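Everything below concerns the one structure shown next.
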Amino acid sequence: ESMIIKLYSKGVTTREIADLIEKMYGSHYSPAQVSNISKQMIPKVEAYHQRKLSDKFFCIYLDATYIPLRRITFDREAVYIAIGIKPNGHKEVIDYRIAPSENVENWTEMLQDMKSRGLEQVELFLSDGVVGMKTVLEKTYPKAHFQRCLVHVMRNICAKVRVDDRKNIMNEFKQIHQQPNKEAAIKVLHAFYDKWNRAYNHVIRNLKEIEPDLLVFYNYPKQIRASVYSTNMIESLNNVIKRKANPKAEFPTEQSLDTFIGIQAMSYNERYFNRIHKGFSQVQDTLESYFD
């Protein structure tokens, strides 16, 4: 049964699991029996969603990914995911939830639920450019700061410029997060404005509007800056989830998808339980000082 659950968590379909178990152990299980065994994880997933949370995280990454789910009106549903790193460098999937599409109302509910379960203090949130996200964060965690993912910003810029200019623009924009300090980064950013404003006035205008959220990561120790200017860390988890979900084509129910994501989240937390994220071990005392 533990092998069945392990195979299920790897994205193997119930029919394939039934065939594999018969070949490996000589025991015949129908796909329905395999499905029932995997349902043993449901109480564990429910307990995961209700567990008490750590009272503080240094940073929290927020992102949504889309997974096929069989419903009447939607065929791909948003999975909202929050991953946090504590001041001691330990990281975990804090929680996730499933909804038909991504919107700030669902993010609001998820953040409020996290707070009600004990997560009182957050120094920094990282997210892409979901409209209204910053306002939601200010209401739920008014003392927290907000860093917009620079990788998402760069992708958005590249989507709005001519193909011939993309390589140069991408290389120049990358320089913004490679400076020794915030002052130098501001100079590079403003030089970027000056150079490309004539050709792409609308792009530069949009950048200026979000400038306060672009360089927040420079306020923190240089040892961890590479980890806190983008949401790359959470995107790598999203890619794993998508890859493992791919063989299933679609999930038949929301509960089956919830169980599958829950297994991935608990497995991630178990794997990284005592590991310190790169750069954090050197500045642990500094990061603790940001909290009351």
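By order in the structure tokens, chains are A, B, ...; within a chain, residues start at 1; ligands start at 1, following the order shown.
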message: Report as a ChimeraX atom specification all protein, DNA and RNA residues lying within 12 Å of Tyr268 in chain A, evaluated on only C-alpha atoms, omitting residues in the same chain fewer than 5 positions from it.
response: /A:9,83,90-95,234,236-238,240-241,261-263,273-275
Given the selection you just returned, output its residues as a file containing C-alpha atoms, formatted as a PDB file, in the first residue's frame.
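This is the output file selection-v4.pdb:
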```
ATOM      1  CA  SER A   9       2.489  10.777  -5.758  1.00  0.00           C
ATOM      2  CA  ILE A  83       6.212  28.741   0.150  1.00  0.00           C
ATOM      3  CA  HIS A  90      14.276  26.466   6.807  1.00  0.00           C
ATOM      4  CA  LYS A  91      11.672  26.459   4.041  1.00  0.00           C
ATOM      5  CA  GLU A  92       8.280  24.842   3.669  1.00  0.00           C
ATOM      6  CA  VAL A  93       5.129  24.820   1.602  1.00  0.00           C
ATOM      7  CA  ILE A  94       2.916  26.772   4.002  1.00  0.00           C
ATOM      8  CA  ASP A  95      -0.346  25.991   2.244  1.00  0.00           C
ATOM      9  CA  ILE A 234       8.233  28.424  -6.104  1.00  0.00           C
ATOM     10  CA  SER A 236      10.556  25.097  -9.633  1.00  0.00           C
ATOM     11  CA  LEU A 237       8.006  23.382  -7.338  1.00  0.00           C
ATOM     12  CA  ASN A 238       5.210  24.260  -9.785  1.00  0.00           C
ATOM     13  CA  VAL A 240       7.601  19.432 -10.538  1.00  0.00           C
ATOM     14  CA  ILE A 241       3.863  19.343  -9.806  1.00  0.00           C
ATOM     15  CA  ILE A 261      -0.952  18.344  -4.340  1.00  0.00           C
ATOM     16  CA  GLY A 262      -1.027  17.610  -0.598  1.00  0.00           C
ATOM     17  CA  ILE A 263       1.284  14.629  -1.077  1.00  0.00           C
ATOM     18  CA  PHE A 273      12.807  19.961   7.019  1.00  0.00           C
ATOM     19  CA  ASN A 274      16.339  20.510   8.330  1.00  0.00           C
ATOM     20  CA  ARG A 275      18.032  22.048   5.296  1.00  0.00           C
TER      21      ARG A 275
END
```
field: Backbone-only DSSP, helix (DSSP H, G or I) members of range 13-86 of chain A, as an MDAnalysis selection string
entry: chainID A and resid 14:25 31:50
field: Nearest residue to Ile21 in chain A from the set A:Gln255, A:Ser2, A:Asn36, A:Thr108 (distances using only C-alpha atoms)
entry: A:Ser2
field: Test item: residues at most 12 Å from Val12 in chain A, only C-alpha atoms, excluding those fewer than 6 positions along its chain, as a ChimeraX atom specification
entry: /A:3-6,18-21,31,34-35,38,243-249,260
Output C-alpha atoms for every residue in that selection, as a PDB file, in the first residue's frame.
```pdb
ATOM      1  CA  MET A   3       4.235   1.589  -2.763  1.00  0.00           C
ATOM      2  CA  ILE A   4       0.836   2.417  -4.289  1.00  0.00           C
ATOM      3  CA  ILE A   5       0.785   5.788  -2.496  1.00  0.00           C
ATOM      4  CA  LYS A   6       4.377   6.489  -3.574  1.00  0.00           C
ATOM      5  CA  ALA A  18      -2.511  -1.649 -10.872  1.00  0.00           C
ATOM      6  CA  ASP A  19      -0.434  -3.195 -13.696  1.00  0.00           C
ATOM      7  CA  LEU A  20       2.874  -2.416 -11.952  1.00  0.00           C
ATOM      8  CA  ILE A  21       1.770  -3.859  -8.599  1.00  0.00           C
ATOM      9  CA  PRO A  31      -7.730   0.752 -10.647  1.00  0.00           C
ATOM     10  CA  VAL A  34      -5.719   1.581  -6.120  1.00  0.00           C
ATOM     11  CA  SER A  35      -7.796   4.771  -5.996  1.00  0.00           C
ATOM     12  CA  SER A  38      -4.625   6.499  -2.286  1.00  0.00           C
ATOM     13  CA  ARG A 243       5.438  17.202 -14.615  1.00  0.00           C
ATOM     14  CA  LYS A 244       4.058  14.643 -12.160  1.00  0.00           C
ATOM     15  CA  ALA A 245       0.451  15.583 -12.963  1.00  0.00           C
ATOM     16  CA  ASN A 246       1.025  15.368 -16.711  1.00  0.00           C
ATOM     17  CA  PRO A 247       0.500  11.568 -17.116  1.00  0.00           C
ATOM     18  CA  LYS A 248      -2.924  11.847 -15.477  1.00  0.00           C
ATOM     19  CA  ALA A 249      -4.296  14.085 -18.294  1.00  0.00           C
ATOM     20  CA  PHE A 260      -2.196  14.784  -5.077  1.00  0.00           C
TER      21      PHE A 260
END
```
message: So that I can check the surroundings of range 206-219 of chain A, please list as JSON, numbers by chain every protein, DNA and RNA residue that reaches within 10 Å of it, counting only C-alpha atoms and ignoring chain neighbours fewer than 6 positions away.
response: {"A": [124, 126, 129, 134, 145, 146, 147, 148, 149, 150, 153, 157, 176, 177, 179, 180, 181, 182, 183, 185, 186, 189, 190, 193, 225, 226, 227, 228, 229, 230]}
Residues of range 93-194 of chain A that have any atom at most 8 Å from an atom of range 57-74 of chain A: could you tabulate them with the shortest-distance atom pair and the distance in Å to one decimal, using only C-alpha atoms, ordered by chain and increasing number, as CSV?
```
residue,atom,partner,partner_atom,distance
A:Pro100,CA,A:Phe74,CA,6.6
A:Glu102,CA,A:Ala64,CA,7.0
A:Leu119,CA,A:Phe57,CA,7.7
A:Gln121,CA,A:Phe57,CA,6.5
A:Val122,CA,A:Phe57,CA,5.1
A:Glu123,CA,A:Phe58,CA,5.1
A:Leu124,CA,A:Cys59,CA,4.6
A:Phe125,CA,A:Ile60,CA,4.9
A:Leu126,CA,A:Tyr61,CA,4.8
A:Ser127,CA,A:Leu62,CA,5.1
A:Asp128,CA,A:Asp63,CA,7.2
```
Give me a file of those residues, with C-alpha atoms, as a PDB file, in the first residue's frame.
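File produced: part_19.pdb:
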```pdb
ATOM      1  CA  PRO A 100     -11.332  27.914 -10.875  1.00  0.00           C
ATOM      2  CA  GLU A 102      -6.614  33.277  -9.977  1.00  0.00           C
ATOM      3  CA  LEU A 119       1.445  33.109  11.086  1.00  0.00           C
ATOM      4  CA  GLN A 121       4.756  38.197  11.065  1.00  0.00           C
ATOM      5  CA  VAL A 122       6.209  38.284   7.540  1.00  0.00           C
ATOM      6  CA  GLU A 123       9.053  40.554   6.493  1.00  0.00           C
ATOM      7  CA  LEU A 124       8.844  40.170   2.708  1.00  0.00           C
ATOM      8  CA  PHE A 125       6.352  38.835   0.164  1.00  0.00           C
ATOM      9  CA  LEU A 126       7.328  37.975  -3.414  1.00  0.00           C
ATOM     10  CA  SER A 127       4.827  37.614  -6.217  1.00  0.00           C
ATOM     11  CA  ASP A 128       4.234  38.306  -9.892  1.00  0.00           C
TER      12      ASP A 128
END
```
- request: Could you please write out, as a ChimeraX atom specification, every residue of range 6-216 of chain A that DSSP assigns to strand (DSSP E or B)?
  value: /A:56-69,76-85,91-99,121-127,145-148
message: Applying 8 Å and only C-alpha atoms, which residues near Gln284 in chain A remain after dropping the ones on its own chain fewer than 6 positions away? List them as a ChimeraX atom specification.
response: /A:87-89
Would you output that residue set with N, CA and C atoms, as a compact mmCIF listing (two decimals), in the first residue's frame?
```
# COMPACT_ATOMS: atom_id res chain seq x y z
N PRO A 87 13.41 32.77 9.32
CA PRO A 87 14.69 33.47 9.55
C PRO A 87 15.88 32.53 9.71
N ASN A 88 15.62 31.28 10.16
CA ASN A 88 16.72 30.32 10.30
C ASN A 88 17.07 29.62 8.98
N GLY A 89 16.37 29.98 7.89
CA GLY A 89 16.69 29.42 6.58
C GLY A 89 15.92 28.18 6.21
```
message: Applying 9 Å and only C-alpha atoms, which residues near Ile169 in chain A remain after dropping the ones on its own chain fewer than 4 positions away? List them as an MDAnalysis selection string.
response: chainID A and resid 154 157:158 161 165 173:174 192 196
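Residue nearest Leu257 in chain A within the list A:Lys242, A:Ile276, A:Ala82, A:Met114: A:Lys242 [criterion: smallest interatomic distance, only C-alpha atoms].
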